[in-house]
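model_31.cif (mmCIF, C-alpha atoms and all ligand atoms) appears below.
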```cif
data_target
loop_
_atom_site.label_atom_id
_atom_site.label_comp_id
_atom_site.auth_asym_id
_atom_site.auth_seq_id
_atom_site.Cartn_x
_atom_site.Cartn_y
_atom_site.Cartn_z
CA MET A 1 92.84 118.61 110.03
CA ARG A 2 94.73 116.96 112.88
CA LYS A 3 96.59 113.84 111.83
CA GLY A 4 95.35 110.62 113.42
CA CYS A 5 97.53 108.46 115.64
CA LEU A 6 98.46 104.91 114.82
CA VAL A 7 98.68 103.44 118.33
CA VAL A 8 100.52 100.12 118.58
CA VAL A 9 100.25 98.15 121.83
CA SER A 10 102.38 95.05 122.53
CA GLY A 11 103.34 93.02 125.56
CA PRO A 12 103.83 89.42 126.61
CA SER A 13 100.86 87.11 126.85
CA GLY A 14 99.25 87.61 130.26
CA ALA A 15 100.46 91.20 130.74
CA GLY A 16 96.86 92.36 130.38
CA LYS A 17 97.11 94.31 127.12
CA GLY A 18 93.76 93.02 125.87
CA THR A 19 91.98 94.14 129.03
CA ILE A 20 93.74 97.53 128.99
CA CYS A 21 92.91 98.10 125.32
CA SER A 22 89.23 97.15 125.78
CA ALA A 23 88.86 99.48 128.78
CA PHE A 24 90.69 102.25 126.93
CA LEU A 25 88.50 101.89 123.82
CA GLU A 26 85.37 102.02 125.96
CA ARG A 27 86.55 105.24 127.58
CA ALA A 28 88.00 106.95 124.53
CA SER A 29 85.96 108.29 121.66
CA GLY A 30 86.83 108.29 118.00
CA ILE A 31 89.50 105.60 118.06
CA ALA A 32 88.97 102.48 115.99
CA TYR A 33 90.32 99.02 116.78
CA SER A 34 92.20 97.14 114.11
CA VAL A 35 90.76 93.62 113.97
CA SER A 36 93.54 91.20 113.06
CA ALA A 37 93.33 88.06 110.99
CA THR A 38 94.56 84.86 112.62
CA THR A 39 94.82 81.14 111.97
CA ARG A 40 94.40 80.43 115.72
CA SER A 41 91.12 78.80 116.80
CA PRO A 42 88.60 81.05 118.54
CA ARG A 43 88.54 80.94 122.35
CA ARG A 44 85.23 80.65 124.15
CA GLY A 45 83.38 83.97 123.85
CA GLU A 46 85.45 85.31 120.95
CA VAL A 47 83.45 86.59 117.98
CA ASP A 48 84.60 86.45 114.35
CA GLY A 49 84.96 89.96 112.95
CA ARG A 50 85.00 91.56 116.41
CA ASP A 51 87.95 89.92 118.18
CA TYR A 52 89.68 88.50 115.13
CA TYR A 53 88.96 87.38 111.61
CA PHE A 54 89.43 83.66 112.10
CA VAL A 55 90.78 82.23 108.86
CA ASP A 56 92.50 79.04 107.71
CA GLU A 57 96.13 78.94 106.66
CA GLU A 58 95.29 78.97 102.94
CA SER A 59 93.21 82.15 103.24
CA PHE A 60 95.92 83.76 105.37
CA LYS A 61 98.58 83.01 102.74
CA LYS A 62 96.30 84.50 100.06
CA MET A 63 96.11 87.69 102.13
CA ILE A 64 99.93 87.80 102.27
CA ASP A 65 100.28 87.17 98.53
CA GLY A 66 97.65 89.80 97.74
CA ASP A 67 99.52 92.44 99.83
CA GLU A 68 96.44 92.79 102.02
CA LEU A 69 98.38 92.88 105.29
CA LEU A 70 100.28 95.81 106.79
CA GLU A 71 102.34 93.28 108.76
CA TRP A 72 102.13 89.67 109.76
CA ALA A 73 104.01 87.25 111.99
CA GLU A 74 103.97 83.73 113.32
CA VAL A 75 103.28 83.97 117.04
CA TYR A 76 103.14 80.98 119.40
CA GLY A 77 102.66 78.65 116.39
CA ASN A 78 99.86 80.54 114.62
CA TYR A 79 99.76 83.30 112.02
CA TYR A 80 98.50 86.77 112.89
CA GLY A 81 98.29 89.82 110.63
CA THR A 82 96.89 93.35 110.35
CA PRO A 83 94.55 94.03 107.42
CA LEU A 84 95.89 97.08 105.59
CA LYS A 85 92.63 98.47 104.19
CA LYS A 86 91.12 99.72 107.45
CA ILE A 87 94.41 101.32 108.50
CA GLN A 88 94.61 103.21 105.19
CA GLU A 89 90.98 104.36 105.55
CA LYS A 90 91.44 105.67 109.10
CA ILE A 91 94.69 107.42 108.27
CA ALA A 92 93.07 109.11 105.26
CA GLU A 93 90.22 110.31 107.52
CA GLY A 94 92.70 111.63 110.11
CA LYS A 95 91.31 109.18 112.69
CA ASP A 96 93.11 107.23 115.40
CA ILE A 97 93.49 103.49 115.22
CA LEU A 98 94.68 101.00 117.82
CA LEU A 99 96.65 97.87 116.92
CA GLU A 100 97.26 95.18 119.50
CA ILE A 101 100.04 93.12 117.93
CA ASP A 102 103.21 91.26 118.85
CA THR A 103 106.74 92.69 118.87
CA GLN A 104 107.70 91.29 115.42
CA GLY A 105 104.65 92.93 113.86
CA ALA A 106 105.19 96.18 115.76
CA MET A 107 108.75 96.48 114.40
CA GLN A 108 107.41 96.01 110.85
CA VAL A 109 104.84 98.76 111.45
CA LYS A 110 107.55 101.02 112.91
CA LYS A 111 109.52 100.82 109.65
CA ARG A 112 106.49 101.89 107.64
CA PHE A 113 105.02 104.35 110.17
CA PRO A 114 107.88 105.71 112.32
CA ASN A 115 105.52 108.35 113.76
CA GLY A 116 103.25 105.69 115.25
CA VAL A 117 102.77 105.61 119.01
CA PHE A 118 104.48 102.43 120.23
CA VAL A 119 103.45 101.31 123.71
CA PHE A 120 104.68 98.23 125.57
CA ILE A 121 102.69 96.74 128.45
CA LEU A 122 104.88 95.20 131.17
CA PRO A 123 103.77 92.86 133.94
CA PRO A 124 104.96 93.85 137.45
CA SER A 125 107.20 90.73 137.43
CA LEU A 126 107.70 87.42 135.60
CA ALA A 127 106.19 85.56 138.58
CA GLU A 128 103.04 87.69 138.35
CA LEU A 129 102.89 87.13 134.59
CA GLN A 130 102.97 83.38 135.17
CA ARG A 131 100.26 83.63 137.82
CA ARG A 132 98.01 85.66 135.50
CA ILE A 133 98.42 83.50 132.42
CA ARG A 134 97.68 80.32 134.38
CA GLY A 135 94.83 82.03 136.25
CA ARG A 136 92.90 83.08 133.15
CA GLY A 137 92.56 79.45 132.03
CA THR A 138 92.11 80.22 128.33
CA GLU A 139 95.04 78.10 127.09
CA GLY A 140 96.13 74.51 127.56
CA GLU A 141 99.39 73.68 129.39
CA ARG A 142 101.44 73.35 126.19
CA ASP A 143 100.32 76.72 124.93
CA ILE A 144 100.95 78.31 128.34
CA GLU A 145 104.52 76.93 128.33
CA LYS A 146 105.08 78.34 124.80
CA ARG A 147 103.82 81.77 125.85
CA LEU A 148 105.85 81.86 129.07
CA ALA A 149 109.02 80.72 127.28
CA ALA A 150 108.64 83.64 124.82
CA SER A 151 107.91 86.28 127.48
CA GLU A 152 111.46 87.16 128.53
CA GLY A 153 112.60 87.76 124.94
CA GLU A 154 109.49 89.85 124.30
CA ILE A 155 110.09 91.98 127.41
CA LYS A 156 113.64 92.71 126.22
CA MET A 157 112.06 94.34 123.14
CA ALA A 158 110.32 96.93 125.35
CA SER A 159 113.22 99.38 124.95
CA ASP A 160 112.43 99.63 121.22
CA TYR A 161 109.06 101.18 122.08
CA ARG A 162 108.43 104.84 122.84
CA TYR A 163 106.44 104.17 126.04
CA VAL A 164 106.16 101.43 128.65
CA ILE A 165 103.28 100.94 131.07
CA VAL A 166 103.60 98.60 134.06
CA ASN A 167 100.23 96.94 134.47
CA ASP A 168 100.09 96.77 138.24
CA LYS A 169 96.63 98.27 138.68
CA LEU A 170 94.32 98.11 135.66
CA ASP A 171 92.77 101.56 136.20
CA ASP A 172 96.17 103.24 136.42
CA ALA A 173 97.38 101.42 133.32
CA VAL A 174 94.31 102.54 131.33
CA SER A 175 94.80 106.13 132.54
CA SER A 176 98.44 106.00 131.44
CA LEU A 177 97.45 104.82 127.97
CA SER A 178 94.82 107.60 127.74
CA ALA A 179 97.41 110.18 128.85
CA ILE A 180 99.92 108.95 126.26
CA VAL A 181 97.40 109.21 123.41
CA GLU A 182 96.23 112.60 124.67
CA ALA A 183 99.81 113.92 124.76
CA GLU A 184 100.51 112.52 121.28
CA HIS A 185 97.49 114.47 119.97
CA CYS A 186 99.21 117.63 121.20
CA ARG A 187 102.49 117.02 119.39
CA ALA A 188 103.37 120.05 117.28
CA SER A 189 104.13 117.76 114.33
CA ARG A 190 100.54 116.49 114.37
CA ASN A 191 99.12 120.01 114.48
CA GLN A 192 101.08 121.79 111.77
CA ASP A 193 97.90 122.57 109.78
CA ILE A 194 96.36 124.33 112.79
CA ILE A 195 99.55 126.33 113.34
CA ASN A 196 99.60 127.38 109.67
CA GLU A 197 95.91 128.31 109.70
CA ILE A 198 96.32 130.62 112.69
CA VAL A 199 99.39 132.27 111.26
CA ASN A 200 97.79 132.80 107.84
CA ASN A 201 94.52 134.32 109.09
P1 LIG B 301 96.31 85.82 121.35
O1 LIG B 301 96.38 84.46 120.75
O2 LIG B 301 96.60 85.78 122.83
O3 LIG B 301 95.04 86.55 121.03
O4 LIG B 301 97.48 86.68 120.69
C1 LIG B 301 98.78 86.19 120.67
C2 LIG B 301 99.75 87.29 120.28
O5 LIG B 301 99.51 87.68 118.93
C3 LIG B 301 99.62 88.57 121.11
O6 LIG B 301 100.92 89.02 121.42
C4 LIG B 301 98.92 89.52 120.19
O7 LIG B 301 99.25 90.87 120.47
C5 LIG B 301 99.50 89.09 118.87
N1 LIG B 301 98.71 89.53 117.72
C6 LIG B 301 97.37 89.69 117.62
N2 LIG B 301 97.04 90.17 116.42
C7 LIG B 301 98.20 90.35 115.74
C8 LIG B 301 98.53 90.84 114.43
O8 LIG B 301 97.68 91.24 113.64
N3 LIG B 301 99.82 90.84 114.09
C9 LIG B 301 100.82 90.42 114.93
N4 LIG B 301 102.06 90.50 114.50
N5 LIG B 301 100.56 89.97 116.16
C10 LIG B 301 99.26 89.93 116.56
#
```

Translate the structure of the given file into structure tokens.
Ligand code: 5GP
Amino acid sequence: MRKGCLVVVSGPSGAGKGTICSAFLERASGIAYSVSATTRSPRRGEVDGRDYYFVDEESFKKMIDGDELLEWAEVYGNYYGTPLKKIQEKIAEGKDILLEIDTQGAMQVKKRFPNGVFVFILPPSLAELQRRIRGRGTEGERDIEKRLAASEGEIKMASDYRYVIVNDKLDDAVSSLSAIVEAEHCRASRNQDIINEIVNN
């Protein structure tokens, strides 16, 4: 059985990682999305259990205390974390799973799963990032300022990832992500069982 890939995608707010991941998941088959838990309030159109598990701070802390999270971090003033159970299930089944998480969380995952596929989404420039985040109109001014202030530090973390994708054109960015995952499937280390089977038969 081929080993599944744990694909971790990060990038500053407004870089377009959500859009890239959604388009990629639509195109790809057999890759699950890891739905995070968060204490942030839902945005218009977001659905509990599909986009996030929206929980209060008390429930989130219970998840931490119960070791239910693979990683967690405080991002832009709210808590976000990855439920461990689904990740364990997918890995046991040899399936791929996609995590869209911040840089602090990604570095925690990297310690536990160094063979994960770590991908950082870059905006073409900081000016373009600012234009996009203001243009999408999903956050208030204070939240926008918080996100923009964090972006430079986040971008500096890109060199700790295995891949970077500049999101200039959405289609190209999605194709790059597909190509990365495809290539990772072909890694010899993920196909040792197949190699052994051929040799032994
Ligand atoms: P947003 O509020 O825009 O949905 O997400 C804010 C930031 O939190 C993004 O960088 C997003 O990738 C990150 N994030 C979402 N889910 C998780 C998670 O489970 N863990 C961590 N560490 N970050 C997350």

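Distance check against ligand LIG 301 (chain B) using all atoms listed in the file: of A:Phe60, A:Tyr161, A:Tyr80, A:Phe118, the minimum falls on A:Tyr80.
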
- request: Record the distance separating CA of Pro42 in chain A and atom N5 of ligand LIG 301 (chain B), expressed in Å with one decimal.
  value: 15.1 Å

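Using all atoms listed in the file, the shortest contact distance between ligand LIG 301 (chain B) and any of A:Thr39, A:Ser59, A:Ser22, A:Ser125 is found at A:Thr39.
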
message: One number please: CA of Ile195 in chain A to CA of Glu182 in chain A, in Å, one decimal.
response: 18.1 Å

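The closest residue to Val117 in chain A, picked from A:Asn201, A:Gln104, A:Ser178, A:Asn78 and counting all atoms listed in the file, is A:Ser178.
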
Residues at most 9 Å from Phe54 in chain A, counting all atoms listed in the file, excluding those fewer than 2 positions away in the same chain, as a PDB file with C-alpha atoms, keeping the file's coordinate frame?
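For reference, around-v7.pdb as written:
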```pdb
ATOM      1  CA  SER A  36      93.540  91.200 113.060  1.00  0.00           C
ATOM      2  CA  ALA A  37      93.330  88.060 110.990  1.00  0.00           C
ATOM      3  CA  THR A  38      94.560  84.860 112.620  1.00  0.00           C
ATOM      4  CA  THR A  39      94.820  81.140 111.970  1.00  0.00           C
ATOM      5  CA  ARG A  40      94.400  80.430 115.720  1.00  0.00           C
ATOM      6  CA  SER A  41      91.120  78.800 116.800  1.00  0.00           C
ATOM      7  CA  PRO A  42      88.600  81.050 118.540  1.00  0.00           C
ATOM      8  CA  VAL A  47      83.450  86.590 117.980  1.00  0.00           C
ATOM      9  CA  ASP A  48      84.600  86.450 114.350  1.00  0.00           C
ATOM     10  CA  GLY A  49      84.960  89.960 112.950  1.00  0.00           C
ATOM     11  CA  ASP A  51      87.950  89.920 118.180  1.00  0.00           C
ATOM     12  CA  TYR A  52      89.680  88.500 115.130  1.00  0.00           C
ATOM     13  CA  ASP A  56      92.500  79.040 107.710  1.00  0.00           C
TER      14      ASP A  56
END
```

Sel. within 12 Å of pt (99.7, 77.8, 126.8), counting only C-alpha atoms, output as a PyMOL selection string: chain A and resi 13-14+76-77+130+132-151

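Minimum atom-to-atom distance to ligand LIG 301 (chain B), evaluated using all atoms listed in the file, belongs to A:Lys110 out of A:Lys110, A:His185, A:Lys3, A:Lys95.
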
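When CA of Asn200 in chain A is paired with CA of Ala188 in chain A, their separation reads 16.8 Å.
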
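Closest approach to Ala183 in chain A from the set A:Glu26, A:Tyr163, A:Arg44, A:Glu58 is made by A:Tyr163, with distances taken over all atoms listed in the file.
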
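Comparing A:Leu25, A:Arg112, A:Val55, A:Pro83 by their smallest distance to ligand LIG 301 (chain B), the closest is A:Pro83 (using all atoms listed in the file).
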
message: I'd like the neighbourhood of range 169-171 of chain A as a list of chain:residue names, where a residue qualifies if any of its atoms comes within 8 Å (using only C-alpha atoms), though same-chain residues fewer than 3 positions away should be ignored.
response: A:Ile20, A:Val174, A:Ser175

task: Counting all atoms listed in the file, find the residues whose atoms lie at most 6 Å from (107.7, 92.9, 128.8) (file coordinates) and write them out as a list in words.
output: Gly11, Pro12, Leu122, Glu154, Ile155 and Ala158 of chain A

Selection file, C-alpha atoms, as a PDB file, in the frame of the given file:
```
ATOM      1  CA  GLY A  11     103.340  93.020 125.560  1.00  0.00           C
ATOM      2  CA  PRO A  12     103.830  89.420 126.610  1.00  0.00           C
ATOM      3  CA  LEU A 122     104.880  95.200 131.170  1.00  0.00           C
ATOM      4  CA  GLU A 154     109.490  89.850 124.300  1.00  0.00           C
ATOM      5  CA  ILE A 155     110.090  91.980 127.410  1.00  0.00           C
ATOM      6  CA  ALA A 158     110.320  96.930 125.350  1.00  0.00           C
TER       7      ALA A 158
END
```
